[in-house]
$ cat work.csv   # CSV, C-alpha atoms and all ligand atoms
chain,number,residue,atom,x,y,z
A,1,MET,CA,0.0,0.0,0.0
A,2,ARG,CA,1.3,3.5,-0.8
A,3,ILE,CA,0.5,5.2,2.5
A,4,HIS,CA,2.1,7.6,4.9
A,5,HIS,CA,2.3,6.3,8.5
A,6,SER,CA,2.4,9.8,10.1
A,7,MET,CA,2.0,13.5,9.1
A,8,ILE,CA,5.7,13.7,9.8
A,9,SER,CA,6.6,11.8,6.6
A,10,LEU,CA,4.7,14.4,4.6
A,11,VAL,CA,7.1,17.2,5.6
A,12,GLY,CA,9.2,18.5,2.7
A,13,ASN,CA,9.3,17.4,-1.0
A,14,THR,CA,7.1,20.3,-1.9
A,15,PRO,CA,6.4,21.0,-5.6
A,16,LEU,CA,8.2,23.5,-7.9
A,17,LEU,CA,5.7,25.4,-10.0
A,18,LYS,CA,6.5,27.6,-13.1
A,19,LEU,CA,5.1,31.2,-12.8
A,20,ASN,CA,3.5,32.0,-16.1
A,21,SER,CA,1.5,35.3,-15.7
A,22,VAL,CA,3.3,37.6,-13.3
A,23,THR,CA,6.5,37.0,-15.3
A,24,ALA,CA,5.3,38.7,-18.5
A,25,GLY,CA,8.2,40.3,-20.3
A,26,ILE,CA,10.8,38.3,-18.4
A,27,GLN,CA,13.0,35.9,-20.4
A,28,ALA,CA,14.3,33.8,-17.5
A,29,THR,CA,12.3,30.9,-16.2
A,30,VAL,CA,10.9,31.7,-12.7
A,31,LEU,CA,9.9,28.8,-10.5
A,32,ALA,CA,8.1,28.9,-7.2
A,33,LYS,CA,8.8,26.4,-4.4
A,34,VAL,CA,5.4,26.1,-2.9
A,35,GLU,CA,5.8,25.4,0.8
A,36,TYR,CA,2.1,25.5,1.8
A,37,PHE,CA,2.0,21.8,0.6
A,38,ASN,CA,3.8,20.9,3.9
A,39,PRO,CA,1.3,19.3,6.4
A,40,GLY,CA,1.3,22.3,8.7
A,41,GLY,CA,0.9,24.6,5.7
A,42,SER,CA,4.3,26.3,5.8
A,43,VAL,CA,8.1,26.0,5.3
A,44,LYS,CA,8.4,25.9,9.2
A,45,ASP,CA,7.5,22.2,9.4
A,46,ARG,CA,11.0,21.5,8.1
A,47,ILE,CA,12.7,23.3,10.9
A,48,ALA,CA,10.3,22.0,13.5
A,49,LEU,CA,11.1,18.4,12.6
A,50,ARG,CA,14.9,18.9,12.4
A,51,MET,CA,15.1,20.9,15.7
A,52,ILE,CA,13.0,18.3,17.6
A,53,GLU,CA,15.0,15.3,16.1
A,54,ALA,CA,18.3,17.0,17.0
A,55,ALA,CA,17.1,17.6,20.6
A,56,GLU,CA,16.1,14.0,20.9
A,57,GLU,CA,19.5,12.9,19.7
A,58,SER,CA,21.4,15.3,22.1
A,59,GLY,CA,19.1,14.3,25.0
A,60,ALA,CA,17.9,17.9,25.4
A,61,LEU,CA,14.3,16.6,24.8
A,62,LEU,CA,13.4,13.4,26.7
A,63,PRO,CA,10.3,11.2,26.3
A,64,GLY,CA,7.3,13.1,27.8
A,65,GLY,CA,9.1,16.4,27.7
A,66,THR,CA,7.6,19.8,27.0
A,67,ILE,CA,8.5,22.2,24.1
A,68,VAL,CA,8.3,25.8,25.1
A,69,GLU,CA,8.7,28.5,22.4
A,70,PRO,CA,7.6,32.1,22.0
A,71,THR,CA,5.8,31.8,18.7
A,72,SER,CA,2.3,32.4,17.4
A,73,GLY,CA,2.7,31.5,13.9
A,74,ASN,CA,4.0,28.9,11.4
A,75,THR,CA,6.8,27.6,13.7
A,76,GLY,CA,4.2,26.9,16.4
A,77,VAL,CA,2.0,24.9,14.0
A,78,GLY,CA,5.0,22.8,12.8
A,79,LEU,CA,6.2,22.2,16.4
A,80,ALA,CA,2.7,21.3,17.5
A,81,ILE,CA,2.2,18.7,14.8
A,82,VAL,CA,5.6,17.0,15.2
A,83,ALA,CA,5.3,17.1,19.0
A,84,GLN,CA,1.8,15.6,19.0
A,85,GLN,CA,2.9,12.8,16.7
A,86,LYS,CA,6.0,12.1,18.9
A,87,GLY,CA,4.2,12.4,22.2
A,88,TYR,CA,5.6,15.7,23.5
A,89,LYS,CA,3.6,18.5,25.1
A,90,CYS,CA,3.8,22.1,23.7
A,91,VAL,CA,3.4,25.4,25.5
A,92,PHE,CA,3.5,28.5,23.2
A,93,VAL,CA,3.8,32.0,24.5
A,94,CYS,CA,2.5,34.8,22.4
A,95,PRO,CA,1.6,38.5,22.7
A,96,ASP,CA,-2.0,39.6,23.0
A,97,LYS,CA,-2.0,41.3,19.6
A,98,VAL,CA,-2.0,37.9,17.9
A,99,SER,CA,-5.4,37.0,16.4
A,100,THR,CA,-7.6,34.5,18.2
A,101,ASP,CA,-7.7,32.5,15.0
A,102,LYS,CA,-4.0,31.9,15.2
A,103,ILE,CA,-4.2,31.0,18.9
A,104,ASN,CA,-7.1,28.6,18.1
A,105,VAL,CA,-5.1,26.8,15.4
A,106,LEU,CA,-2.4,26.0,17.9
A,107,ARG,CA,-4.9,24.9,20.5
A,108,ALA,CA,-6.7,22.7,17.9
A,109,TYR,CA,-3.4,20.7,17.5
A,110,GLY,CA,-3.4,20.2,21.3
A,111,ALA,CA,-0.9,22.9,22.3
A,112,GLU,CA,-1.3,25.1,25.3
A,113,VAL,CA,-1.1,28.8,24.6
A,114,VAL,CA,-0.1,31.5,27.2
A,115,VAL,CA,-1.1,35.0,26.1
A,116,CYS,CA,1.0,37.9,27.5
A,117,PRO,CA,0.3,41.6,27.4
A,118,THR,CA,1.9,43.5,24.5
A,119,ALA,CA,1.9,46.8,26.4
A,120,VAL,CA,4.8,46.1,28.8
A,121,ASP,CA,8.6,46.5,28.5
A,122,PRO,CA,10.6,43.5,27.5
A,123,GLU,CA,12.2,43.5,31.0
A,124,HIS,CA,8.7,43.3,32.7
A,125,PRO,CA,8.1,39.9,34.3
A,126,ASP,CA,4.9,39.4,32.3
A,127,SER,CA,6.6,40.2,28.9
A,128,TYR,CA,6.4,37.6,26.2
A,129,TYR,CA,10.2,37.0,26.5
A,130,ASN,CA,10.3,36.7,30.3
A,131,VAL,CA,7.3,34.4,30.5
A,132,SER,CA,8.8,31.9,28.1
A,133,ASP,CA,12.1,31.9,29.9
A,134,ARG,CA,10.4,31.4,33.2
A,135,LEU,CA,8.3,28.5,31.9
A,136,VAL,CA,11.4,26.8,30.6
A,137,ARG,CA,12.9,27.1,34.1
A,138,GLU,CA,9.8,26.0,35.9
A,139,ILE,CA,8.4,23.1,33.8
A,140,PRO,CA,10.2,19.8,34.4
A,141,GLY,CA,11.6,18.4,31.1
A,142,ALA,CA,11.1,21.7,29.3
A,143,TRP,CA,13.1,22.5,26.2
A,144,LYS,CA,13.1,25.7,24.1
A,145,PRO,CA,14.0,25.2,20.4
A,146,ASP,CA,14.8,29.0,19.8
A,147,GLN,CA,14.5,29.1,16.1
A,148,TYR,CA,16.6,32.4,16.0
A,149,SER,CA,19.8,30.7,17.3
A,150,ASN,CA,19.2,27.0,16.7
A,151,PRO,CA,21.7,25.7,14.1
A,152,ASN,CA,19.2,23.0,13.1
A,153,ASN,CA,17.0,25.7,11.6
A,154,PRO,CA,19.4,26.5,8.7
A,155,ARG,CA,20.6,22.8,8.8
A,156,SER,CA,17.1,21.5,8.0
A,157,HIS,CA,17.2,23.6,4.8
A,158,TYR,CA,20.8,22.5,4.0
A,159,GLU,CA,19.6,18.9,4.3
A,160,THR,CA,16.2,19.1,2.6
A,161,THR,CA,15.2,22.4,0.7
A,162,GLY,CA,18.6,22.8,-1.0
A,163,PRO,CA,18.9,19.2,-2.3
A,164,GLU,CA,15.3,19.2,-3.4
A,165,LEU,CA,15.8,22.3,-5.5
A,166,TRP,CA,19.0,20.9,-7.1
A,167,ASP,CA,17.3,17.7,-7.9
A,168,GLN,CA,14.0,19.2,-9.1
A,169,THR,CA,15.8,21.6,-11.5
A,170,GLU,CA,18.3,18.9,-12.5
A,171,GLY,CA,21.1,21.3,-11.5
A,172,LYS,CA,19.8,24.1,-13.8
A,173,ILE,CA,19.0,26.6,-11.0
A,174,THR,CA,21.0,29.8,-11.4
A,175,HIS,CA,19.4,32.1,-8.8
A,176,PHE,CA,17.7,31.4,-5.4
A,177,VAL,CA,15.4,34.1,-3.9
A,178,ALA,CA,13.9,33.9,-0.4
A,179,GLY,CA,12.6,36.3,2.3
A,180,VAL,CA,14.7,36.6,5.4
A,181,GLY,CA,13.1,36.2,8.8
A,182,THR,CA,15.3,34.1,11.1
A,183,GLY,CA,17.5,33.7,8.1
A,184,GLY,CA,17.3,29.9,8.3
A,185,THR,CA,15.8,29.3,4.9
A,186,ILE,CA,18.2,31.5,2.9
A,187,SER,CA,21.3,30.5,4.9
A,188,GLY,CA,20.8,26.7,4.8
A,189,THR,CA,19.4,26.4,1.2
A,190,GLY,CA,21.8,29.0,-0.1
A,191,ARG,CA,24.8,27.3,1.4
A,192,TYR,CA,23.9,24.0,-0.1
A,193,LEU,CA,23.2,25.4,-3.5
A,194,LYS,CA,26.5,27.3,-3.6
A,195,GLU,CA,28.5,24.3,-2.5
A,196,VAL,CA,26.9,21.9,-5.0
A,197,SER,CA,27.3,24.4,-7.9
A,198,ASP,CA,30.8,25.5,-7.0
A,199,GLY,CA,29.5,29.0,-6.2
A,200,ALA,CA,27.6,29.4,-9.5
A,201,VAL,CA,24.1,29.9,-7.9
A,202,LYS,CA,23.4,33.5,-6.8
A,203,VAL,CA,21.5,33.8,-3.5
A,204,ILE,CA,19.2,36.8,-3.2
A,205,GLY,CA,17.4,37.9,0.0
A,206,ALA,CA,14.1,39.7,0.0
A,207,ASP,CA,13.4,42.0,2.9
A,208,PRO,CA,10.6,44.4,3.9
A,209,GLU,CA,11.7,48.1,3.6
A,210,GLY,CA,12.6,49.2,7.1
A,211,SER,CA,14.1,45.9,8.3
A,212,VAL,CA,17.8,45.7,9.3
A,213,TYR,CA,18.8,43.2,6.6
A,214,SER,CA,18.4,45.9,3.9
A,215,GLY,CA,19.9,48.6,6.0
A,216,GLY,CA,16.7,49.9,7.7
A,217,SER,CA,16.4,51.0,11.3
A,218,GLY,CA,13.8,48.3,12.2
A,219,ARG,CA,10.8,50.7,11.6
A,220,PRO,CA,7.5,49.0,11.3
A,221,TYR,CA,6.1,47.3,8.2
A,222,LEU,CA,3.1,45.0,7.8
A,223,VAL,CA,4.5,42.0,5.9
A,224,GLU,CA,4.6,39.2,8.5
A,225,GLY,CA,7.3,36.6,9.1
A,226,VAL,CA,10.2,38.4,7.5
A,227,GLY,CA,12.5,41.3,8.4
A,228,GLU,CA,14.0,41.9,11.8
A,229,ASP,CA,15.1,44.7,14.1
A,230,PHE,CA,18.2,42.6,15.2
A,231,TRP,CA,20.6,40.1,13.6
A,232,PRO,CA,19.8,36.5,14.5
A,233,THR,CA,22.6,33.9,14.6
A,234,ALA,CA,20.5,31.6,12.4
A,235,TYR,CA,21.3,34.1,9.6
A,236,ASP,CA,24.7,33.6,7.8
A,237,ARG,CA,25.1,36.8,5.9
A,238,THR,CA,28.1,35.5,4.0
A,239,VAL,CA,25.7,33.3,1.9
A,240,THR,CA,23.6,36.1,0.5
A,241,ASP,CA,24.9,37.9,-2.6
A,242,GLU,CA,22.3,40.6,-2.6
A,243,ILE,CA,19.3,41.9,-0.6
A,244,ILE,CA,16.4,43.5,-2.3
A,245,ALA,CA,14.1,45.7,-0.2
A,246,VAL,CA,10.4,45.6,-1.1
A,247,SER,CA,7.5,47.9,0.1
A,248,ASP,CA,4.4,46.6,1.9
A,249,LYS,CA,2.3,47.9,-1.0
A,250,ASP,CA,4.3,46.1,-3.7
A,251,SER,CA,4.4,42.9,-1.6
A,252,PHE,CA,0.6,42.8,-1.0
A,253,GLN,CA,-0.4,43.8,-4.6
A,254,MET,CA,1.8,40.9,-5.9
A,255,THR,CA,0.3,38.5,-3.3
A,256,ARG,CA,-3.1,39.3,-4.7
A,257,ARG,CA,-1.9,38.8,-8.2
A,258,LEU,CA,-0.5,35.4,-7.4
A,259,ALA,CA,-4.0,34.3,-6.2
A,260,LYS,CA,-5.8,35.9,-9.2
A,261,GLU,CA,-3.4,35.0,-12.0
A,262,GLU,CA,-1.4,31.9,-10.9
A,263,GLY,CA,-4.0,30.2,-8.6
A,264,LEU,CA,-1.6,30.5,-5.7
A,265,LEU,CA,-3.3,31.7,-2.5
A,266,VAL,CA,-0.2,32.6,-0.5
A,267,GLY,CA,1.0,34.9,2.3
A,268,GLY,CA,2.4,38.4,2.1
A,269,SER,CA,6.0,37.3,2.4
A,270,CYS,CA,5.5,35.3,-0.7
A,271,GLY,CA,4.3,38.3,-2.7
A,272,MET,CA,7.4,40.2,-1.3
A,273,ALA,CA,9.7,37.4,-2.4
A,274,VAL,CA,8.2,37.2,-5.9
A,275,VAL,CA,8.6,41.0,-6.4
A,276,ALA,CA,12.3,40.6,-5.5
A,277,ALA,CA,12.6,37.5,-7.8
A,278,LEU,CA,11.1,39.4,-10.7
A,279,ARG,CA,13.5,42.4,-10.1
A,280,ALA,CA,16.4,40.0,-10.0
A,281,ALA,CA,15.2,38.1,-13.2
A,282,GLU,CA,14.6,41.3,-15.2
A,283,PRO,CA,18.1,41.5,-16.8
A,284,LEU,CA,18.5,37.8,-17.1
A,285,GLY,CA,18.4,35.6,-20.3
A,286,PRO,CA,16.4,32.6,-21.3
A,287,ASP,CA,18.9,30.1,-19.9
A,288,ASP,CA,18.6,31.4,-16.4
A,289,VAL,CA,16.4,29.6,-13.9
A,290,VAL,CA,15.3,31.7,-10.9
A,291,VAL,CA,13.7,29.8,-8.0
A,292,VAL,CA,11.7,31.8,-5.4
A,293,LEU,CA,10.5,30.1,-2.2
A,294,LEU,CA,6.9,30.8,-1.1
A,295,PRO,CA,6.8,30.1,2.7
A,296,ASP,CA,3.1,29.8,3.5
A,297,SER,CA,-0.6,29.9,2.5
A,298,GLY,CA,-2.9,32.9,2.2
A,299,ARG,CA,-5.5,31.4,4.5
A,300,GLY,CA,-4.0,33.2,7.5
A,301,TYR,CA,-4.3,36.6,5.8
A,302,LEU,CA,-7.9,36.7,4.5
A,303,SER,CA,-9.0,39.6,6.7
A,304,LYS,CA,-6.0,41.6,5.7
A,305,ILE,CA,-4.3,41.2,2.4
A,306,PHE,CA,-7.4,39.7,0.8
A,307,ASN,CA,-9.8,42.2,2.3
A,308,ASP,CA,-10.4,45.2,0.0
A,309,GLU,CA,-11.3,47.5,2.9
A,310,TRP,CA,-8.1,46.8,4.9
A,311,MET,CA,-6.0,47.3,1.7
A,312,ALA,CA,-7.8,50.5,0.9
A,313,ASP,CA,-7.3,51.9,4.4
A,314,TYR,CA,-3.6,51.7,4.0
A,315,GLY,CA,-3.7,53.0,0.4
A,316,PHE,CA,-2.4,49.7,-0.9
A,317,LEU,CA,-5.1,49.3,-3.6
A,318,SER,CA,-4.4,52.6,-5.5
A,319,ASP,CA,-1.3,54.5,-6.6
A,320,SER,CA,-2.0,57.3,-4.1
A,321,GLY,CA,-0.5,57.5,-0.7
A,322,PRO,CA,-1.8,55.8,2.5
A,323,SER,CA,-4.7,57.1,4.5
A,324,ALA,CA,-3.6,55.1,7.6
A,325,SER,CA,-0.2,54.3,8.7
A,326,VAL,CA,1.5,51.2,10.2
A,327,GLY,CA,0.7,51.0,13.9
A,328,ASP,CA,-2.9,52.4,13.5
A,329,VAL,CA,-5.4,49.9,14.8
A,330,LEU,CA,-7.8,49.3,11.9
A,401,LIG,N1,7.6,34.1,5.6
A,401,LIG,C1,6.9,33.7,6.6
A,401,LIG,C2,5.4,33.8,6.6
A,401,LIG,C3,7.5,33.1,7.8
A,401,LIG,O1,6.8,32.7,8.8
A,401,LIG,C4,8.9,33.1,7.8
A,401,LIG,C5,9.6,32.6,9.1
A,401,LIG,N2,9.8,33.6,10.1
A,401,LIG,C6,9.7,33.5,6.7
A,401,LIG,C7,9.0,34.0,5.6
A,401,LIG,C8,11.2,33.6,6.7
A,401,LIG,O2,11.8,32.4,6.9
A,401,LIG,P1,13.2,32.3,7.7
A,401,LIG,O3,12.8,32.4,9.2
A,401,LIG,O4,13.7,30.9,7.4
A,401,LIG,O5,14.1,33.4,7.3
$ encode --input "work.csv" --output "structure tokens"
Amino acid sequence: MRIHHSMISLVGNTPLLKLNSVTAGIQATVLAKVEYFNPGGSVKDRIALRMIEAAEESGALLPGGTIVEPTSGNTGVGLAIVAQQKGYKCVFVCPDKVSTDKINVLRAYGAEVVVCPTAVDPEHPDSYYNVSDRLVREIPGAWKPDQYSNPNNPRSHYETTGPELWDQTEGKITHFVAGVGTGGTISGTGRYLKEVSDGAVKVIGADPEGSVYSGGSGRPYLVEGVGEDFWPTAYDRTVTDEIIAVSDKDSFQMTRRLAKEEGLLVGGSCGMAVVAALRAAEPLGPDDVVVVLLPDSGRGYLSKIFNDEWMADYGFLSDSGPSASVGDVL
């Protein structure tokens, strides 16, 4: 029987899809690695699995142990699924600005979610950072993956995403484009592709305007999951050849085009990465093969990017300026 014995064996081996419409006027082939085909709906299933397996191997996570991580998003879903299948408990800590839908998804998988106030300093005992540290100290058998500093985050991409892309393109990939959040995807995948191609593959990061990776001050932006206001150790900046900064407006308009024209209902960081990929592909010729990684699905953004009213309030639908700014509660 051709069956899978657990959701865990469905992690990775995601499809590579040619973009046909948004690429009008571009000579290079542009391919999308569609990560929402992972069982938890995002690229983060890969790191969840590798971080947990490595912790089991090192003895940091013992049978019946508890995974504690400050996350509200895709990493939480990946950890919750792998933990459930392997018999671990999960406690996630998230700030109260996170939507109840996201919290309910984590609870649906059986995780416990502790919600902390957003309106306190990071040093406050009730802050999101302090609560997760305290839980790690207080819960017996607790282990914190810490995706920002865990070397198994980039390693999961070095071992899976990179080899998959080389194999799927039969070694024809010339450029790899990905958004940078923790930096795990671009560092691990990029390092593998550079090694296997003797440095021929160019690695390009996509970053929201305002984030530190593209020289910003950390000012706010609305694209979720990418950009930072600090430099995580999971990010190896020697792997990236170039960083392209993309505005929220361009990111979200492209995200909507991907759904309308390519049948890809994906998240805002995907639109951002595609804008960067198309800019990188513009001067390239017909022999070039640009791969852009799309981290997650658009289902989590229906009330924002796919809501005309929300888009119009920020001025993202028209060519005129915004009528609201980032930070306004809409
Ligand atoms: N997009 C989304 C939606 C994400 O959740 C993440 C992970 N933070 C990224 C992009 C960036 O991936 P990475 O952390 O590997 O840099």
$ residues_around --input "work.csv" --residues "Glu282 of chain A" --least-positions-apart "2" --cutoff "9 Å" --atoms "all atoms listed in the file" --output "JSON, numbers by chain"
{"A": [25, 26, 27, 28, 277, 278, 279, 280, 284, 285]}
$ residues_around --input "work.csv" --residues "Val177 of chain A" --least-positions-apart "6" --cutoff "6 Å" --atoms "all atoms listed in the file" --output "ChimeraX atom specification"
/A:204-205,277,292
$ atom_distance --input "work.csv" --atom1 "atom CA of Val196 of chain A" --atom2 "atom CA of Thr169 of chain A"
12.9 Å
$ residues_near_ligand --input "work.csv" --ligand "ligand LIG 401 (chain A)" --cutoff "7 Å" --atoms "all atoms listed in the file" --output "list in words"
Lys44, Gly73, Asn74, Gly179, Val180, Gly181, Thr182, Gly183, Gly184, Thr185, Ile186, Glu224, Gly225, Val226, Gly267, Ser269, Cys270, Pro295 and Asp296 of chain A
$ closest_residue --input "work.csv" --among "A:Ser156, A:Gly87, A:Trp143, A:Leu31" --to "Thr66 of chain A" --atoms "only C-alpha atoms"
A:Trp143
$ residues_around --input "work.csv" --residues "Pro39 of chain A" --least-positions-apart "2" --cutoff "12 Å" --atoms "only C-alpha atoms" --output "CSV table (one decimal) with C-alpha atoms, in the coordinates of the input"
chain,number,residue,atom,x,y,z
A,4,HIS,CA,2.1,7.6,4.9
A,6,SER,CA,2.4,9.8,10.1
A,7,MET,CA,2.0,13.5,9.1
A,8,ILE,CA,5.7,13.7,9.8
A,9,SER,CA,6.6,11.8,6.6
A,10,LEU,CA,4.7,14.4,4.6
A,11,VAL,CA,7.1,17.2,5.6
A,12,GLY,CA,9.2,18.5,2.7
A,13,ASN,CA,9.3,17.4,-1.0
A,14,THR,CA,7.1,20.3,-1.9
A,35,GLU,CA,5.8,25.4,0.8
A,36,TYR,CA,2.1,25.5,1.8
A,37,PHE,CA,2.0,21.8,0.6
A,41,GLY,CA,0.9,24.6,5.7
A,42,SER,CA,4.3,26.3,5.8
A,43,VAL,CA,8.1,26.0,5.3
A,44,LYS,CA,8.4,25.9,9.2
A,45,ASP,CA,7.5,22.2,9.4
A,46,ARG,CA,11.0,21.5,8.1
A,48,ALA,CA,10.3,22.0,13.5
A,49,LEU,CA,11.1,18.4,12.6
A,74,ASN,CA,4.0,28.9,11.4
A,77,VAL,CA,2.0,24.9,14.0
A,78,GLY,CA,5.0,22.8,12.8
A,79,LEU,CA,6.2,22.2,16.4
A,80,ALA,CA,2.7,21.3,17.5
A,81,ILE,CA,2.2,18.7,14.8
A,82,VAL,CA,5.6,17.0,15.2
A,296,ASP,CA,3.1,29.8,3.5
A,297,SER,CA,-0.6,29.9,2.5
$ atom_distance --input "work.csv" --atom1 "atom CA of Glu242 of chain A" --atom2 "atom CA of Tyr192 of chain A"
16.9 Å
$ closest_residue --input "work.csv" --among "A:Cys90, A:Val22, A:Leu193, A:Asp133" --to "Arg256 of chain A" --atoms "only C-alpha atoms"
A:Val22
$ residues_around --input "work.csv" --residues "Cys116 of chain A" --least-positions-apart "2" --cutoff "7 Å" --atoms "all atoms listed in the file" --output "ChimeraX atom specification"
/A:94-96,114,118,126-128
$ write_last_selection --input "work.csv" --atoms "C-alpha atoms" --output "PDB file, in the coordinates of the input"
ATOM      1  CA  CYS A  94       2.500  34.800  22.400  1.00  0.00           C
ATOM      2  CA  PRO A  95       1.600  38.500  22.700  1.00  0.00           C
ATOM      3  CA  ASP A  96      -2.000  39.600  23.000  1.00  0.00           C
ATOM      4  CA  VAL A 114      -0.100  31.500  27.200  1.00  0.00           C
ATOM      5  CA  THR A 118       1.900  43.500  24.500  1.00  0.00           C
ATOM      6  CA  ASP A 126       4.900  39.400  32.300  1.00  0.00           C
ATOM      7  CA  SER A 127       6.600  40.200  28.900  1.00  0.00           C
ATOM      8  CA  TYR A 128       6.400  37.600  26.200  1.00  0.00           C
TER       9      TYR A 128
END
$ residues_around --input "work.csv" --residues "Val223 of chain A" --least-positions-apart "2" --cutoff "8 Å" --atoms "all atoms listed in the file" --output "mmCIF file with C-alpha atoms, in the frame of the given file"
data_model
loop_
_atom_site.group_PDB
_atom_site.id
_atom_site.type_symbol
_atom_site.label_atom_id
_atom_site.label_comp_id
_atom_site.auth_asym_id
_atom_site.auth_seq_id
_atom_site.Cartn_x
_atom_site.Cartn_y
_atom_site.Cartn_z
ATOM 1 C CA PRO A 208 10.600 44.400 3.900
ATOM 2 C CA TYR A 221 6.100 47.300 8.200
ATOM 3 C CA GLY A 225 7.300 36.600 9.100
ATOM 4 C CA VAL A 226 10.200 38.400 7.500
ATOM 5 C CA ASP A 248 4.400 46.600 1.900
ATOM 6 C CA SER A 251 4.400 42.900 -1.600
ATOM 7 C CA PHE A 252 0.600 42.800 -1.000
ATOM 8 C CA GLY A 268 2.400 38.400 2.100
ATOM 9 C CA SER A 269 6.000 37.300 2.400
ATOM 10 C CA MET A 272 7.400 40.200 -1.300
#
